[in-house]
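So this one's my_file_38.cif, mmCIF, C-alpha atoms:
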```
data_work
loop_
_atom_site.group_PDB
_atom_site.id
_atom_site.type_symbol
_atom_site.label_atom_id
_atom_site.label_comp_id
_atom_site.auth_asym_id
_atom_site.auth_seq_id
_atom_site.Cartn_x
_atom_site.Cartn_y
_atom_site.Cartn_z
ATOM 1 C CA MET A 1 -56.890 139.903 88.998
ATOM 2 C CA SER A 2 -57.940 142.763 86.732
ATOM 3 C CA THR A 3 -58.778 142.577 83.030
ATOM 4 C CA VAL A 4 -55.533 144.387 82.249
ATOM 5 C CA ASP A 5 -53.482 142.024 84.414
ATOM 6 C CA LEU A 6 -54.937 138.974 82.667
ATOM 7 C CA TYR A 7 -54.114 140.504 79.287
ATOM 8 C CA ARG A 8 -50.583 141.283 80.477
ATOM 9 C CA THR A 9 -50.083 137.631 81.440
ATOM 10 C CA VAL A 10 -51.369 136.101 78.190
ATOM 11 C CA ARG A 11 -49.387 138.637 76.175
ATOM 12 C CA LEU A 12 -46.216 137.952 78.177
ATOM 13 C CA ILE A 13 -46.543 134.195 77.660
ATOM 14 C CA ARG A 14 -47.251 134.592 73.924
ATOM 15 C CA ARG A 15 -44.300 136.862 73.260
ATOM 16 C CA PHE A 16 -41.985 134.823 75.494
ATOM 17 C CA GLU A 17 -42.836 131.697 73.538
ATOM 18 C CA GLU A 18 -42.398 133.420 70.179
ATOM 19 C CA ARG A 19 -38.961 134.623 71.245
ATOM 20 C CA ALA A 20 -38.066 131.184 72.568
ATOM 21 C CA ILE A 21 -38.950 129.641 69.186
ATOM 22 C CA GLU A 22 -36.642 132.183 67.526
ATOM 23 C CA PHE A 23 -33.844 131.180 69.909
ATOM 24 C CA VAL A 24 -34.362 127.518 69.042
ATOM 25 C CA ARG A 25 -33.921 128.409 65.374
ATOM 26 C CA SER A 26 -30.806 130.476 66.083
ATOM 27 C CA GLY A 27 -29.294 127.697 68.199
ATOM 28 C CA GLU A 28 -29.236 129.610 71.495
ATOM 29 C CA ILE A 29 -31.723 127.072 72.866
ATOM 30 C CA VAL A 30 -30.410 123.594 72.190
ATOM 31 C CA GLY A 31 -32.775 120.656 71.725
ATOM 32 C CA GLY A 32 -35.996 122.548 71.116
ATOM 33 C CA ILE A 33 -39.108 123.317 73.149
ATOM 34 C CA HIS A 34 -42.796 122.429 73.318
ATOM 35 C CA PRO A 35 -44.523 125.748 72.433
ATOM 36 C CA TYR A 36 -47.520 126.883 74.512
ATOM 37 C CA VAL A 37 -48.731 129.324 71.855
ATOM 38 C CA GLY A 38 -52.538 129.316 71.748
ATOM 39 C CA GLN A 39 -53.080 127.878 75.219
ATOM 40 C CA GLU A 40 -52.113 130.975 77.262
ATOM 41 C CA ALA A 41 -55.593 131.591 78.701
ATOM 42 C CA ILE A 42 -55.448 128.440 80.809
ATOM 43 C CA ALA A 43 -52.220 129.245 82.622
ATOM 44 C CA ALA A 44 -53.173 132.896 83.068
ATOM 45 C CA GLY A 45 -56.697 132.237 84.338
ATOM 46 C CA ALA A 46 -55.872 129.302 86.596
ATOM 47 C CA CYS A 47 -52.833 130.873 88.272
ATOM 48 C CA ALA A 48 -54.732 134.124 88.817
ATOM 49 C CA ALA A 49 -57.077 132.215 91.133
ATOM 50 C CA LEU A 50 -54.278 131.200 93.507
ATOM 51 C CA THR A 51 -52.703 132.803 96.557
ATOM 52 C CA SER A 52 -48.990 132.966 97.226
ATOM 53 C CA ASP A 53 -49.250 129.909 99.509
ATOM 54 C CA ASP A 54 -50.673 127.636 96.802
ATOM 55 C CA VAL A 55 -48.614 125.336 94.597
ATOM 56 C CA ILE A 56 -48.643 124.138 91.003
ATOM 57 C CA THR A 57 -47.146 121.333 88.970
ATOM 58 C CA SER A 58 -46.699 121.446 85.228
ATOM 59 C CA THR A 59 -45.895 119.501 82.097
ATOM 60 C CA HIS A 60 -43.343 119.320 79.297
ATOM 61 C CA ARG A 61 -45.268 122.308 77.827
ATOM 62 C CA GLY A 62 -44.846 124.332 80.986
ATOM 63 C CA HIS A 63 -43.349 127.774 80.275
ATOM 64 C CA GLY A 64 -46.767 129.441 80.396
ATOM 65 C CA HIS A 65 -47.592 127.976 83.800
ATOM 66 C CA VAL A 66 -44.254 129.033 85.235
ATOM 67 C CA LEU A 67 -44.587 132.595 83.909
ATOM 68 C CA ALA A 68 -48.217 132.922 85.021
ATOM 69 C CA ARG A 69 -47.177 131.871 88.514
ATOM 70 C CA GLY A 70 -44.757 134.798 88.598
ATOM 71 C CA ALA A 71 -41.374 133.378 87.631
ATOM 72 C CA ASP A 72 -38.785 135.843 86.393
ATOM 73 C CA PRO A 73 -38.802 135.755 82.542
ATOM 74 C CA GLY A 74 -35.065 136.360 82.418
ATOM 75 C CA ARG A 75 -34.259 133.441 84.678
ATOM 76 C CA LEU A 76 -36.706 131.176 82.791
ATOM 77 C CA LEU A 77 -35.154 132.131 79.452
ATOM 78 C CA ALA A 78 -31.684 131.570 80.917
ATOM 79 C CA GLU A 79 -32.875 128.134 82.041
ATOM 80 C CA LEU A 80 -34.006 127.293 78.506
ATOM 81 C CA MET A 81 -30.577 128.391 77.254
ATOM 82 C CA GLY A 82 -28.808 126.220 79.837
ATOM 83 C CA ARG A 83 -27.207 129.172 81.614
ATOM 84 C CA GLU A 84 -25.952 129.256 85.189
ATOM 85 C CA THR A 85 -28.435 132.034 86.113
ATOM 86 C CA GLY A 86 -31.435 129.945 85.100
ATOM 87 C CA LEU A 87 -34.190 129.000 87.526
ATOM 88 C CA ASN A 88 -32.444 125.692 88.065
ATOM 89 C CA ARG A 89 -28.908 126.742 87.143
ATOM 90 C CA GLY A 90 -29.416 125.526 83.601
ATOM 91 C CA ARG A 91 -29.740 121.887 84.662
ATOM 92 C CA GLY A 92 -33.514 121.574 84.263
ATOM 93 C CA GLY A 93 -33.992 123.085 80.837
ATOM 94 C CA SER A 94 -37.294 123.623 79.086
ATOM 95 C CA MET A 95 -39.152 120.641 80.539
ATOM 96 C CA HIS A 96 -38.111 120.789 84.214
ATOM 97 C CA ALA A 97 -38.311 124.401 85.337
ATOM 98 C CA ALA A 98 -39.124 124.863 89.026
ATOM 99 C CA ASP A 99 -39.118 127.630 91.618
ATOM 100 C CA PHE A 100 -40.134 126.462 95.074
ATOM 101 C CA SER A 101 -40.150 130.055 96.372
ATOM 102 C CA LEU A 102 -43.181 130.678 94.127
ATOM 103 C CA GLY A 103 -44.884 127.352 94.752
ATOM 104 C CA ILE A 104 -43.790 125.994 91.373
ATOM 105 C CA LEU A 105 -42.985 122.392 92.273
ATOM 106 C CA GLY A 106 -41.748 121.680 88.791
ATOM 107 C CA ALA A 107 -42.581 120.990 85.218
ATOM 108 C CA ASN A 108 -42.394 117.301 84.419
ATOM 109 C CA ALA A 109 -41.565 115.515 81.194
ATOM 110 C CA ILE A 110 -43.269 112.281 82.280
ATOM 111 C CA VAL A 111 -46.833 112.461 80.988
ATOM 112 C CA GLY A 112 -49.318 112.424 83.879
ATOM 113 C CA ALA A 113 -46.707 112.324 86.640
ATOM 114 C CA ALA A 114 -47.271 115.892 87.805
ATOM 115 C CA GLY A 115 -50.793 114.988 88.937
ATOM 116 C CA SER A 116 -49.432 112.585 91.511
ATOM 117 C CA ILE A 117 -46.881 115.109 92.750
ATOM 118 C CA ALA A 118 -49.526 117.808 93.171
ATOM 119 C CA THR A 119 -51.841 115.427 95.003
ATOM 120 C CA GLY A 120 -49.063 114.392 97.353
ATOM 121 C CA ALA A 121 -48.062 118.001 97.971
ATOM 122 C CA ALA A 122 -51.623 119.092 98.736
ATOM 123 C CA TRP A 123 -52.058 116.140 101.090
ATOM 124 C CA ALA A 124 -48.798 116.966 102.892
ATOM 125 C CA HIS A 125 -49.773 120.615 103.334
ATOM 126 C CA ARG A 126 -53.156 119.613 104.744
ATOM 127 C CA ARG A 127 -51.474 117.232 107.188
ATOM 128 C CA GLN A 128 -49.446 120.236 108.364
ATOM 129 C CA GLY A 129 -52.667 122.135 109.062
ATOM 130 C CA ARG A 130 -52.334 124.535 106.131
ATOM 131 C CA ASP A 131 -55.070 125.467 103.630
ATOM 132 C CA THR A 132 -52.805 125.205 100.590
ATOM 133 C CA VAL A 133 -54.428 124.241 97.292
ATOM 134 C CA ALA A 134 -52.512 122.511 94.500
ATOM 135 C CA VAL A 135 -53.254 122.965 90.801
ATOM 136 C CA THR A 136 -51.837 120.475 88.352
ATOM 137 C CA PHE A 137 -51.793 120.999 84.594
ATOM 138 C CA PHE A 138 -51.725 118.143 82.077
ATOM 139 C CA GLY A 139 -52.778 117.429 78.519
ATOM 140 C CA ASP A 140 -55.453 115.148 77.093
ATOM 141 C CA GLY A 141 -52.721 112.596 76.407
ATOM 142 C CA ALA A 142 -52.306 112.105 80.167
ATOM 143 C CA MET A 143 -55.883 110.901 80.597
ATOM 144 C CA ASN A 144 -54.899 107.304 79.900
ATOM 145 C CA GLU A 145 -51.930 107.269 82.273
ATOM 146 C CA GLY A 146 -52.265 105.120 85.375
ATOM 147 C CA MET A 147 -50.430 107.573 87.630
ATOM 148 C CA LEU A 148 -53.053 110.219 87.020
ATOM 149 C CA LEU A 149 -55.919 107.802 87.666
ATOM 150 C CA GLU A 150 -54.271 106.763 90.935
ATOM 151 C CA ALA A 151 -54.074 110.432 91.888
ATOM 152 C CA PHE A 152 -57.801 110.820 91.137
ATOM 153 C CA ASN A 153 -58.549 107.922 93.463
ATOM 154 C CA LEU A 154 -56.603 109.188 96.481
ATOM 155 C CA ALA A 155 -57.622 112.816 95.938
ATOM 156 C CA ALA A 156 -61.302 111.848 95.972
ATOM 157 C CA LEU A 157 -60.978 109.273 98.759
ATOM 158 C CA TRP A 158 -59.117 111.637 101.098
ATOM 159 C CA ARG A 159 -60.748 114.886 99.869
ATOM 160 C CA ILE A 160 -57.373 116.355 99.006
ATOM 161 C CA PRO A 161 -57.469 120.028 97.912
ATOM 162 C CA VAL A 162 -56.138 119.577 94.400
ATOM 163 C CA ILE A 163 -57.493 121.003 91.130
ATOM 164 C CA PHE A 164 -56.921 118.837 88.061
ATOM 165 C CA VAL A 165 -56.664 121.041 84.940
ATOM 166 C CA CYS A 166 -56.732 119.134 81.666
ATOM 167 C CA GLU A 167 -55.568 121.203 78.711
ATOM 168 C CA ASN A 168 -57.395 119.410 75.919
ATOM 169 C CA ASN A 169 -55.783 120.730 72.734
ATOM 170 C CA GLY A 170 -57.092 117.824 70.713
ATOM 171 C CA TYR A 171 -53.824 115.967 70.199
ATOM 172 C CA ALA A 172 -51.456 113.747 72.142
ATOM 173 C CA THR A 173 -48.366 114.654 70.132
ATOM 174 C CA THR A 174 -49.979 113.962 66.727
ATOM 175 C CA MET A 175 -52.718 111.509 67.763
ATOM 176 C CA PRO A 176 -56.253 112.979 67.764
ATOM 177 C CA VAL A 177 -57.982 112.695 71.124
ATOM 178 C CA GLY A 178 -60.860 110.807 69.499
ATOM 179 C CA SER A 179 -58.457 108.043 68.475
ATOM 180 C CA ALA A 180 -56.993 107.635 71.951
ATOM 181 C CA VAL A 181 -59.650 108.256 74.611
ATOM 182 C CA ALA A 182 -62.601 105.906 75.086
ATOM 183 C CA GLY A 183 -65.607 107.509 76.729
ATOM 184 C CA SER A 184 -65.188 111.118 77.797
ATOM 185 C CA ILE A 185 -62.386 113.012 79.515
ATOM 186 C CA THR A 186 -64.618 114.393 82.255
ATOM 187 C CA GLY A 187 -66.084 110.919 82.681
ATOM 188 C CA ARG A 188 -62.694 109.700 83.897
ATOM 189 C CA ALA A 189 -62.838 112.078 86.865
ATOM 190 C CA ARG A 190 -66.554 111.601 87.544
ATOM 191 C CA ALA A 191 -65.983 107.858 87.846
ATOM 192 C CA PHE A 192 -64.041 108.657 91.029
ATOM 193 C CA GLY A 193 -66.731 110.995 92.335
ATOM 194 C CA ILE A 194 -64.801 114.142 91.387
ATOM 195 C CA PRO A 195 -66.958 117.024 90.072
ATOM 196 C CA ALA A 196 -65.818 117.631 86.496
ATOM 197 C CA PHE A 197 -66.650 120.394 84.033
ATOM 198 C CA THR A 198 -65.753 121.288 80.460
ATOM 199 C CA ILE A 199 -65.023 124.974 79.894
ATOM 200 C CA ASP A 200 -63.733 127.323 77.186
ATOM 201 C CA GLY A 201 -59.963 127.243 77.571
ATOM 202 C CA GLN A 202 -59.440 130.141 75.171
ATOM 203 C CA ASP A 203 -61.024 132.747 77.432
ATOM 204 C CA PRO A 204 -58.818 133.772 80.392
ATOM 205 C CA GLU A 205 -61.758 135.134 82.389
ATOM 206 C CA THR A 206 -63.765 131.930 81.960
ATOM 207 C CA VAL A 207 -60.806 129.912 83.234
ATOM 208 C CA LEU A 208 -60.296 132.313 86.149
ATOM 209 C CA LYS A 209 -63.959 132.087 87.179
ATOM 210 C CA ALA A 210 -64.037 128.276 87.035
ATOM 211 C CA THR A 211 -60.721 127.869 88.843
ATOM 212 C CA THR A 212 -61.734 130.342 91.556
ATOM 213 C CA ALA A 213 -64.831 128.251 92.267
ATOM 214 C CA ALA A 214 -62.759 125.065 92.332
ATOM 215 C CA VAL A 215 -60.172 126.583 94.652
ATOM 216 C CA THR A 216 -62.825 127.902 97.037
ATOM 217 C CA ARG A 217 -64.433 124.474 97.166
ATOM 218 C CA ALA A 218 -61.121 122.695 97.710
ATOM 219 C CA ARG A 219 -60.003 125.108 100.429
ATOM 220 C CA SER A 220 -63.261 124.541 102.295
ATOM 221 C CA GLY A 221 -62.437 120.852 102.635
ATOM 222 C CA LYS A 222 -64.758 119.462 99.961
ATOM 223 C CA GLY A 223 -61.950 117.889 97.955
ATOM 224 C CA PRO A 224 -60.753 117.910 94.352
ATOM 225 C CA MET A 225 -62.309 119.260 91.191
ATOM 226 C CA PHE A 226 -61.546 118.565 87.534
ATOM 227 C CA LEU A 227 -61.600 121.157 84.756
ATOM 228 C CA GLU A 228 -61.360 120.154 81.105
ATOM 229 C CA CYS A 229 -60.237 123.294 79.255
ATOM 230 C CA LEU A 230 -60.898 123.083 75.518
ATOM 231 C CA THR A 231 -58.033 124.761 73.719
ATOM 232 C CA TYR A 232 -55.930 124.652 70.569
ATOM 233 C CA ARG A 233 -52.178 124.496 70.096
ATOM 234 C CA PHE A 234 -51.346 127.042 67.384
ATOM 235 C CA ASP A 235 -47.764 125.867 66.904
ATOM 236 C CA ALA A 236 -46.080 122.471 66.778
ATOM 237 C CA HIS A 237 -46.108 119.797 69.473
ATOM 238 C CA HIS A 238 -42.335 120.321 69.514
ATOM 239 C CA THR A 239 -40.142 122.693 67.519
ATOM 240 C CA PHE A 240 -38.589 119.635 65.900
ATOM 241 C CA GLU A 241 -41.897 119.329 64.059
ATOM 242 C CA HIS A 242 -40.940 122.294 61.862
ATOM 243 C CA ARG A 243 -37.998 120.331 60.461
ATOM 244 C CA ALA A 244 -39.892 117.045 60.240
ATOM 245 C CA ARG A 245 -42.735 118.797 58.388
ATOM 246 C CA LEU A 246 -45.370 116.565 59.940
ATOM 247 C CA ASP A 247 -48.758 116.934 58.277
ATOM 248 C CA TYR A 248 -51.610 115.917 60.549
ATOM 249 C CA ARG A 249 -53.792 119.045 60.785
ATOM 250 C CA SER A 250 -55.679 120.554 57.873
ATOM 251 C CA PRO A 251 -55.293 124.282 57.074
ATOM 252 C CA ASP A 252 -59.012 124.766 57.756
ATOM 253 C CA GLU A 253 -58.700 123.176 61.190
ATOM 254 C CA VAL A 254 -55.698 125.315 62.118
ATOM 255 C CA ALA A 255 -57.437 128.456 60.884
ATOM 256 C CA ALA A 256 -60.501 127.662 62.974
ATOM 257 C CA GLY A 257 -58.355 127.125 66.040
ATOM 258 C CA VAL A 258 -56.314 130.269 65.561
ATOM 259 C CA SER A 259 -59.497 132.311 65.105
ATOM 260 C CA ARG A 260 -60.111 131.971 68.843
ATOM 261 C CA ASP A 261 -56.882 133.546 70.003
ATOM 262 C CA PRO A 262 -56.807 134.128 73.791
ATOM 263 C CA VAL A 263 -54.606 137.187 73.372
ATOM 264 C CA VAL A 264 -57.177 138.713 71.003
ATOM 265 C CA ILE A 265 -60.117 137.650 73.186
ATOM 266 C CA GLN A 266 -58.674 139.250 76.305
ATOM 267 C CA GLY A 267 -57.237 142.196 74.403
ATOM 268 C CA ALA A 268 -60.689 143.078 73.054
ATOM 269 C CA ARG A 269 -61.701 143.897 76.642
ATOM 270 C CA LEU A 270 -59.150 146.709 76.781
ATOM 271 C CA SER A 271 -58.985 150.028 74.994
ATOM 272 C CA GLU A 272 -56.473 150.405 72.171
ATOM 273 C CA HIS A 273 -54.393 152.676 74.405
ATOM 274 C CA GLU A 274 -54.374 150.119 77.234
ATOM 275 C CA ARG A 275 -53.311 147.311 74.896
ATOM 276 C CA ALA A 276 -50.497 149.376 73.403
ATOM 277 C CA GLU A 277 -49.254 150.306 76.860
ATOM 278 C CA VAL A 278 -49.188 146.684 78.016
ATOM 279 C CA ASP A 279 -47.627 145.491 74.747
ATOM 280 C CA ASP A 280 -44.794 148.008 75.115
ATOM 281 C CA GLU A 281 -44.324 147.001 78.746
ATOM 282 C CA VAL A 282 -44.111 143.318 77.836
ATOM 283 C CA GLU A 283 -41.562 143.986 75.076
ATOM 284 C CA ALA A 284 -39.412 145.942 77.523
ATOM 285 C CA VAL A 285 -39.580 143.097 80.048
ATOM 286 C CA LEU A 286 -38.600 140.561 77.397
ATOM 287 C CA ASP A 287 -35.825 142.767 76.016
ATOM 288 C CA ALA A 288 -34.341 142.870 79.516
ATOM 289 C CA ALA A 289 -34.901 139.116 79.926
ATOM 290 C CA THR A 290 -33.143 138.418 76.642
ATOM 291 C CA GLU A 291 -30.173 140.610 77.531
ATOM 292 C CA PHE A 292 -29.939 138.914 80.932
ATOM 293 C CA ALA A 293 -30.111 135.374 79.515
ATOM 294 C CA LEU A 294 -27.705 135.938 76.625
ATOM 295 C CA GLY A 295 -25.273 137.669 78.946
ATOM 296 C CA SER A 296 -25.273 134.841 81.483
ATOM 297 C CA ALA A 297 -22.493 132.295 81.664
ATOM 298 C CA HIS A 298 -22.828 128.630 80.809
ATOM 299 C CA PRO A 299 -22.197 126.245 83.726
ATOM 300 C CA ASP A 300 -18.660 124.976 84.160
ATOM 301 C CA PRO A 301 -18.571 121.435 82.634
ATOM 302 C CA ALA A 302 -16.655 120.339 85.731
ATOM 303 C CA ASP A 303 -19.818 121.121 87.776
ATOM 304 C CA ALA A 304 -22.134 119.045 85.589
ATOM 305 C CA LEU A 305 -23.337 116.855 88.459
ATOM 306 C CA LYS A 306 -23.862 119.663 90.962
ATOM 307 C CA TYR A 307 -27.430 120.405 92.102
ATOM 308 C CA LEU A 308 -28.828 117.235 90.519
ATOM 309 C CA TYR A 309 -29.295 115.264 93.750
ATOM 310 C CA ALA A 310 -30.765 116.168 97.122
ATOM 311 C CA VAL A 311 -28.288 116.633 99.924
ATOM 312 C CA MET A 312 -29.332 115.137 103.235
ATOM 313 C CA PRO A 313 -28.940 117.530 106.190
#
```

Whole structure given in structure tokens:
Amino acid sequence: MSTVDLYRTVRLIRRFEERAIEFVRSGEIVGGIHPYVGQEAIAAGACAALTSDDVITSTHRGHGHVLARGADPGRLLAELMGRETGLNRGRGGSMHAADFSLGILGANAIVGAAGSIATGAAWAHRRQGRDTVAVTFFGDGAMNEGMLLEAFNLAALWRIPVIFVCENNGYATTMPVGSAVAGSITGRARAFGIPAFTIDGQDPETVLKATTAAVTRARSGKGPMFLECLTYRFDAHHTFEHRARLDYRSPDEVAAGVSRDPVVIQGARLSEHERAEVDDEVEAVLDAATEFALGSAHPDPADALKYLYAVMP
């Protein structure tokens, strides 16, 4: 992926999230969202390393992953608004967006659960003789979840082609990582024999380079890899936080985190003309997405249970 393409992706995610926050405040999105603002480089860089046959799983903070994997912004926004034209007909909402046609096996509100799903998917694809690689995204709060540790075990034991991407933004909701994680985050993976590295999660090109190496290794049959991406969440854990006025980060800390903005870092690699061109393009895409989502119908309440359960052939 080119420098311009990476910038386009981080810019699209940033502006999508900023618009989504506005729609939470206006009431178009009911229930709130978990903003991804500040962490865009990880989704953009990691997804850029994948082919169309690969798959991803995501978290409650998953809009960036879904967009970076190529989902239609209009259909994702419609999903957040609970509209019939959404990726999942408005039934999934912010935390459960999926698009199997793009290899997006789903965002997941259960902390750590997506790691198990990705490991199972990668194993199934390998059993079918395919070279599919799975990438699973999760936060530092997932590092103490048993499901994820079980996934580490089987992935290492069976050399499953799965890339574990930990987005370490320093907080599990409001709890600092240092108050919750004994030892080190990479040490968790290394204990299972999984190669694990800590990288700069604010630089899209750094994430792309590391993920490309991990994917190449996994596709060659050498098994999983773990990437701890150091990042910072610029906005709240959840938009509800704005109303609750939680105070757990100092102004100096926030300023330091915001100073390493992935949109600025990647944008500095482009000329002013190139940035302006991409920025205008992104705004046009999101204007169209907004018009599409707001113009879409809500599901018929009589159909509330449709599409929620698998239908056996």

Taking 5 positions as the minimum chain separation for residues in the same chain, which residues sit within 7 Å of region 124-134 of chain A when counting all atoms listed in the file? Answer as number ranges by chain.
A: 53-56, 118, 161-163, 215, 218-219

Polymer residues at most 10 Å from Asp99 (chain A), all atoms listed in the file, same-chain spacing of 5 or more positions, as a ChimeraX atom specification
/A:66,69-72,76,87-88,104-107

May I have the selected residues written with C-alpha atoms, as a PDB file, in the frame of the given file?
```
ATOM      1  CA  VAL A  66     -44.254 129.033  85.235  1.00  0.00           C
ATOM      2  CA  ARG A  69     -47.177 131.871  88.514  1.00  0.00           C
ATOM      3  CA  GLY A  70     -44.757 134.798  88.598  1.00  0.00           C
ATOM      4  CA  ALA A  71     -41.374 133.378  87.631  1.00  0.00           C
ATOM      5  CA  ASP A  72     -38.785 135.843  86.393  1.00  0.00           C
ATOM      6  CA  LEU A  76     -36.706 131.176  82.791  1.00  0.00           C
ATOM      7  CA  LEU A  87     -34.190 129.000  87.526  1.00  0.00           C
ATOM      8  CA  ASN A  88     -32.444 125.692  88.065  1.00  0.00           C
ATOM      9  CA  ILE A 104     -43.790 125.994  91.373  1.00  0.00           C
ATOM     10  CA  LEU A 105     -42.985 122.392  92.273  1.00  0.00           C
ATOM     11  CA  GLY A 106     -41.748 121.680  88.791  1.00  0.00           C
ATOM     12  CA  ALA A 107     -42.581 120.990  85.218  1.00  0.00           C
TER      13      ALA A 107
END
```

Within 10 Å of Thr290 (chain A) using only C-alpha atoms, minus same-chain residues under 3 positions, as a PyMOL selection string:
chain A and resi 16+19-20+23+73-75+77-78+284-287+293-296

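Picked by the PyMOL selection byres ((chain A and resi 68) around 10) from the coordinates shown: Leu6, Arg8, Thr9, Val10, Leu12, Ile13, Glu40, Ala41, Ile42, Ala43, Ala44, Gly45, Ala46, Cys47, Ala48, His63, Gly64, His65, Val66, Leu67, Arg69, Gly70, Ala71 and Asp72 of chain A.
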
On this structure, which residues satisfy the PyMOL selection byres ((chain A and resi 171) around 9), written as a ChimeraX atom specification?
/A:139-141,168-170,172-178,232-233,237

Take the selection from the previous step and output its residues with C-alpha atoms, as a PDB file, in the coordinates of the input.
```pdb
ATOM      1  CA  GLY A 139     -52.778 117.429  78.519  1.00  0.00           C
ATOM      2  CA  ASP A 140     -55.453 115.148  77.093  1.00  0.00           C
ATOM      3  CA  GLY A 141     -52.721 112.596  76.407  1.00  0.00           C
ATOM      4  CA  ASN A 168     -57.395 119.410  75.919  1.00  0.00           C
ATOM      5  CA  ASN A 169     -55.783 120.730  72.734  1.00  0.00           C
ATOM      6  CA  GLY A 170     -57.092 117.824  70.713  1.00  0.00           C
ATOM      7  CA  ALA A 172     -51.456 113.747  72.142  1.00  0.00           C
ATOM      8  CA  THR A 173     -48.366 114.654  70.132  1.00  0.00           C
ATOM      9  CA  THR A 174     -49.979 113.962  66.727  1.00  0.00           C
ATOM     10  CA  MET A 175     -52.718 111.509  67.763  1.00  0.00           C
ATOM     11  CA  PRO A 176     -56.253 112.979  67.764  1.00  0.00           C
ATOM     12  CA  VAL A 177     -57.982 112.695  71.124  1.00  0.00           C
ATOM     13  CA  GLY A 178     -60.860 110.807  69.499  1.00  0.00           C
ATOM     14  CA  TYR A 232     -55.930 124.652  70.569  1.00  0.00           C
ATOM     15  CA  ARG A 233     -52.178 124.496  70.096  1.00  0.00           C
ATOM     16  CA  HIS A 237     -46.108 119.797  69.473  1.00  0.00           C
TER      17      HIS A 237
END
```

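For the pair CA of Arg61 (chain A) and CA of Lys222 (chain A), the separation is 29.6 Å.
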
Rounded to one decimal place, report the CA of Phe138 (chain A)-CA of Asp279 (chain A) distance in Å.
28.6 Å

Give me the result of the PyMOL selection byres ((chain A and resi 59) around 8) on this file, residue by residue, as number ranges by chain.
A: 57-58, 60-62, 95, 107-111, 114, 137-138

Using the selection just defined, write its residues with C-alpha atoms as a PDB file, keeping the file's coordinate frame.
```pdb
ATOM      1  CA  THR A  57     -47.146 121.333  88.970  1.00  0.00           C
ATOM      2  CA  SER A  58     -46.699 121.446  85.228  1.00  0.00           C
ATOM      3  CA  HIS A  60     -43.343 119.320  79.297  1.00  0.00           C
ATOM      4  CA  ARG A  61     -45.268 122.308  77.827  1.00  0.00           C
ATOM      5  CA  GLY A  62     -44.846 124.332  80.986  1.00  0.00           C
ATOM      6  CA  MET A  95     -39.152 120.641  80.539  1.00  0.00           C
ATOM      7  CA  ALA A 107     -42.581 120.990  85.218  1.00  0.00           C
ATOM      8  CA  ASN A 108     -42.394 117.301  84.419  1.00  0.00           C
ATOM      9  CA  ALA A 109     -41.565 115.515  81.194  1.00  0.00           C
ATOM     10  CA  ILE A 110     -43.269 112.281  82.280  1.00  0.00           C
ATOM     11  CA  VAL A 111     -46.833 112.461  80.988  1.00  0.00           C
ATOM     12  CA  ALA A 114     -47.271 115.892  87.805  1.00  0.00           C
ATOM     13  CA  PHE A 137     -51.793 120.999  84.594  1.00  0.00           C
ATOM     14  CA  PHE A 138     -51.725 118.143  82.077  1.00  0.00           C
TER      15      PHE A 138
END
```

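Across the structure, CA of Leu50 (chain A) and CA of Thr212 (chain A) are spaced 7.8 Å apart.
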
Axis-aligned box for region 29-33 of chain A, 4 Å per side, centre and edges in Å as lines of an AutoDock Vina configuration file:
```
center_x = -34.8
center_y = 123.9
center_z = 72.1
size_x = 16.7
size_y = 14.4
size_z = 10.0
```

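Distances from A:Ala98, A:Ala182, A:Ile194, A:Ala151 to Arg217 (chain A) were compared using all atoms listed in the file, and the smallest one belongs to A:Ile194.
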
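Compared by their closest atoms to Cys166 (chain A), and using all atoms listed in the file, the residues A:Ala196, A:Leu149, A:Cys229, A:Leu208 rank with A:Cys229 nearest.
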
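If you measure from each of A:Ser220, A:Thr186, A:Asn153, A:Gln202 to Val263 (chain A) using all atoms listed in the file, the closest one turns out to be A:Gln202.
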
When you look at Lys306 (chain A) with a cut-off of 12 Å (counting all atoms listed in the file), what residues show up, excluding the ones that are within fewer than 6 positions of it in the same chain? I need them as a list of chain:residue names.
A:Glu84, A:Asn88, A:Arg89, A:Gly90, A:Arg91, A:Gly92, A:Pro299, A:Asp300

The selected residues should be written to file as a compact mmCIF listing (two decimals), in the coordinates of the input (atoms: C-alpha atoms).
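Listing of again_9.txt after writing:
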```
# COMPACT_ATOMS: atom_id res chain seq x y z
CA GLU A 84 -25.95 129.26 85.19
CA ASN A 88 -32.44 125.69 88.06
CA ARG A 89 -28.91 126.74 87.14
CA GLY A 90 -29.42 125.53 83.60
CA ARG A 91 -29.74 121.89 84.66
CA GLY A 92 -33.51 121.57 84.26
CA PRO A 299 -22.20 126.24 83.73
CA ASP A 300 -18.66 124.98 84.16
```

Counting all atoms listed in the file, which residues come within 12 Å of (-71.7, 122.7, 82.9), with the point read in the file's coordinates, and could you list them as number ranges by chain?
A: 186, 195-200, 210, 226-228

Best match for closeness to Ser2 (chain A) among A:Glu205, A:Ala310, A:Glu241, A:Gly93, counting all atoms listed in the file:
A:Glu205
